[in-house]
Amino acid sequence: MDGAAVSMRTISVSTPTHGRVLIKDGVSTAPRRLLVGFHGYAQSAEDMLAELELIPGSGQWTLVSIQALHRFYTRRMEKIVASWMTRQDREDAIADNVAYVDRALDTVLEGARNIPIVFVGFSQGVAMAYRAAVLGRHRPQSIVAIGGDVPPEVKTAAAGKFPPVLIAGGMQDELYLPSHLETDSTFLRAHGVAVEVFRYSGGHEWTADLRQRIHDVLAGS
């Protein structure tokens, strides 16, 4: 060996994969409406669907729970959960996730147009709800963001791309702090976005008061 340094290259390889989406059709005979959920870190589509079902009035909506592409087992290997992304190859992951949500909703909508859509994100899923709404093909009537930040890549989106947003945060939430909520609401309002803030008693979790507030959003959609 001559001691010459050996260089290392990193390449990004595109590959097809399959995502998992749970759908529960609404019972109403009224025009179809979609309530689309994005779960948090180490959760599953089943977890998010169960939360959507507990929202008063959600039975009148078609519930769509989109599971993140990156699956893994819980530590005790009892359950399969998922994560939306990590910092590694961030831009590629964002593009993959937005395209995935677009395709999922294309499949659910089956070519139908002018269908009311509401996005609900919890924790890590909040960033995905924002990305899908602002960077994706399907613009929702509103976003419900529970315990998660506006991601930096959507902050450079052209004005007018954000729908109205309900930002919800638990008063005892140790992950999504009041300062985070204030930063998000200030940014959105400065960019002309219709924002409502809902603070509720609780931590990084869903509560009955939160579900009732989401019902109010749905009632107005």
# chains A, B, ... in the order shown; residues from 1 in each chain; ligands from 1

call {"tool": "closest_atom_pairs", "arguments": {"of": "range 55-160 of chain A", "to": "range 188-201 of chain A", "cutoff": "12 Å", "atoms": "only C-alpha atoms", "output": "JSON lines"}}
result
{"residue": "A:Tyr130", "atom": "CA", "partner": "A:Leu188", "partner_atom": "CA", "distance": 11.6}
{"residue": "A:Gln141", "atom": "CA", "partner": "A:Ala194", "partner_atom": "CA", "distance": 11.3}
{"residue": "A:Ser142", "atom": "CA", "partner": "A:Ala194", "partner_atom": "CA", "distance": 9.5}
{"residue": "A:Ile143", "atom": "CA", "partner": "A:Val195", "partner_atom": "CA", "distance": 9.7}
{"residue": "A:Val144", "atom": "CA", "partner": "A:Glu196", "partner_atom": "CA", "distance": 9.7}
{"residue": "A:Ala145", "atom": "CA", "partner": "A:Val197", "partner_atom": "CA", "distance": 9.7}
{"residue": "A:Ile146", "atom": "CA", "partner": "A:Phe198", "partner_atom": "CA", "distance": 9.3}
{"residue": "A:Gly147", "atom": "CA", "partner": "A:Arg199", "partner_atom": "CA", "distance": 10.2}
{"residue": "A:Asp149", "atom": "CA", "partner": "A:Leu188", "partner_atom": "CA", "distance": 11.3}
{"residue": "A:Val150", "atom": "CA", "partner": "A:Leu188", "partner_atom": "CA", "distance": 8.9}
{"residue": "A:Pro151", "atom": "CA", "partner": "A:Leu188", "partner_atom": "CA", "distance": 11.8}
{"residue": "A:Val154", "atom": "CA", "partner": "A:Leu188", "partner_atom": "CA", "distance": 10.8}
{"residue": "A:Lys155", "atom": "CA", "partner": "A:Leu188", "partner_atom": "CA", "distance": 8.7}
{"residue": "A:Thr156", "atom": "CA", "partner": "A:His191", "partner_atom": "CA", "distance": 10.4}
{"residue": "A:Ala157", "atom": "CA", "partner": "A:His191", "partner_atom": "CA", "distance": 10.1}
{"residue": "A:Ala158", "atom": "CA", "partner": "A:His191", "partner_atom": "CA", "distance": 9.4}
{"residue": "A:Ala159", "atom": "CA", "partner": "A:His191", "partner_atom": "CA", "distance": 6.6}
{"residue": "A:Gly160", "atom": "CA", "partner": "A:Gly192", "partner_atom": "CA", "distance": 7.6}

call {"tool": "select_by_dssp", "arguments": {"residues": "range 17-209 of chain A", "states": "strand (DSSP E or B)", "output": "ChimeraX atom specification"}}
result
/A:21-24,34-38,43,62-66,70-73,80-83,117-122,142-146,165-170,195-200

call {"tool": "atom_distance", "arguments": {"atom1": "CA of Gly57 in chain A", "atom2": "CA of Asn114 in chain A"}}
result
20.7 Å

call {"tool": "closest_residue", "arguments": {"among": "A:Ile167, A:Met128, A:Ile117, A:Leu109", "to": "Gly220 in chain A", "atoms": "only C-alpha atoms"}}
result
A:Ile117

call {"tool": "residues_around", "arguments": {"residues": "Gly59 in chain A", "least_positions_apart": "3", "cutoff": "8 Å", "atoms": "only C-alpha atoms", "output": "CSV table (one decimal) with N, CA and C atoms, in the first residue's frame"}}
result
chain,number,residue,atom,x,y,z
A,26,GLY,N,-67.1,7.3,5.1
A,26,GLY,CA,-68.1,8.0,6.0
A,26,GLY,C,-69.5,7.4,5.7
A,27,VAL,N,-70.3,7.6,6.7
A,27,VAL,CA,-71.7,7.0,6.6
A,27,VAL,C,-72.7,8.0,6.0
A,28,SER,N,-72.3,9.2,5.8
A,28,SER,CA,-73.2,10.2,5.3
A,28,SER,C,-73.5,10.0,3.8
A,53,GLU,N,-61.2,8.7,14.5
A,53,GLU,CA,-62.5,8.1,14.7
A,53,GLU,C,-63.2,8.7,16.0
A,56,PRO,N,-65.6,14.1,17.3
A,56,PRO,CA,-67.1,14.1,17.0
A,56,PRO,C,-67.4,14.6,15.6
A,62,THR,N,-64.9,10.7,5.1
A,62,THR,CA,-64.0,9.6,4.7
A,62,THR,C,-62.7,9.8,5.4

call {"tool": "closest_residue", "arguments": {"among": "A:Ala95, A:Ala45, A:Leu175, A:Val134", "to": "Arg71 in chain A", "atoms": "only C-alpha atoms"}}
result
A:Ala45

call {"tool": "residues_around", "arguments": {"residues": "Gly203 in chain A", "least_positions_apart": "6", "cutoff": "10 Å", "atoms": "only C-alpha atoms", "output": "list of chain:residue names"}}
result
A:Gly147, A:Gly169, A:Gly170, A:Met171, A:Gln172, A:Asp173, A:Glu174, A:Leu175, A:Tyr176

call {"tool": "write_last_selection", "arguments": {"atoms": "N, CA and C atoms", "output": "compact mmCIF listing (two decimals), in the first residue's frame"}}
result
# COMPACT_ATOMS: atom_id res chain seq x y z
N GLY A 147 -49.22 19.91 18.13
CA GLY A 147 -47.95 19.61 18.79
C GLY A 147 -46.77 19.44 17.87
N GLY A 169 -51.84 23.14 20.90
CA GLY A 169 -50.73 22.73 21.76
C GLY A 169 -51.18 22.53 23.19
N GLY A 170 -50.75 21.43 23.79
CA GLY A 170 -51.07 21.18 25.18
C GLY A 170 -50.29 22.11 26.10
N MET A 171 -50.95 22.61 27.12
CA MET A 171 -50.29 23.54 28.04
C MET A 171 -49.18 22.88 28.85
N GLN A 172 -49.20 21.54 28.93
CA GLN A 172 -48.14 20.81 29.63
C GLN A 172 -47.24 20.04 28.65
N ASP A 173 -47.32 20.39 27.38
CA ASP A 173 -46.51 19.71 26.37
C ASP A 173 -45.05 20.10 26.53
N GLU A 174 -44.18 19.12 26.76
CA GLU A 174 -42.76 19.38 26.95
C GLU A 174 -41.96 19.27 25.65
N LEU A 175 -42.63 18.92 24.56
CA LEU A 175 -41.95 18.82 23.27
C LEU A 175 -42.27 20.02 22.38
N TYR A 176 -43.55 20.37 22.30
CA TYR A 176 -43.96 21.53 21.52
C TYR A 176 -44.28 22.64 22.52

call {"tool": "select_by_dssp", "arguments": {"residues": "range 25-200 of chain A", "states": "alpha helix (DSSP H)", "output": "NGL selection string"}}
result
:A and (45-53 or 90-109 or 124-135 or 178-190)

call {"tool": "closest_residue", "arguments": {"among": "A:Tyr73, A:Asp209, A:Val36, A:Asp47", "to": "Ala133 in chain A", "atoms": "only C-alpha atoms"}}
result
A:Val36

call {"tool": "atom_distance", "arguments": {"atom1": "CA of Ile11 in chain A", "atom2": "CA of Arg90 in chain A"}}
result
13.6 Å
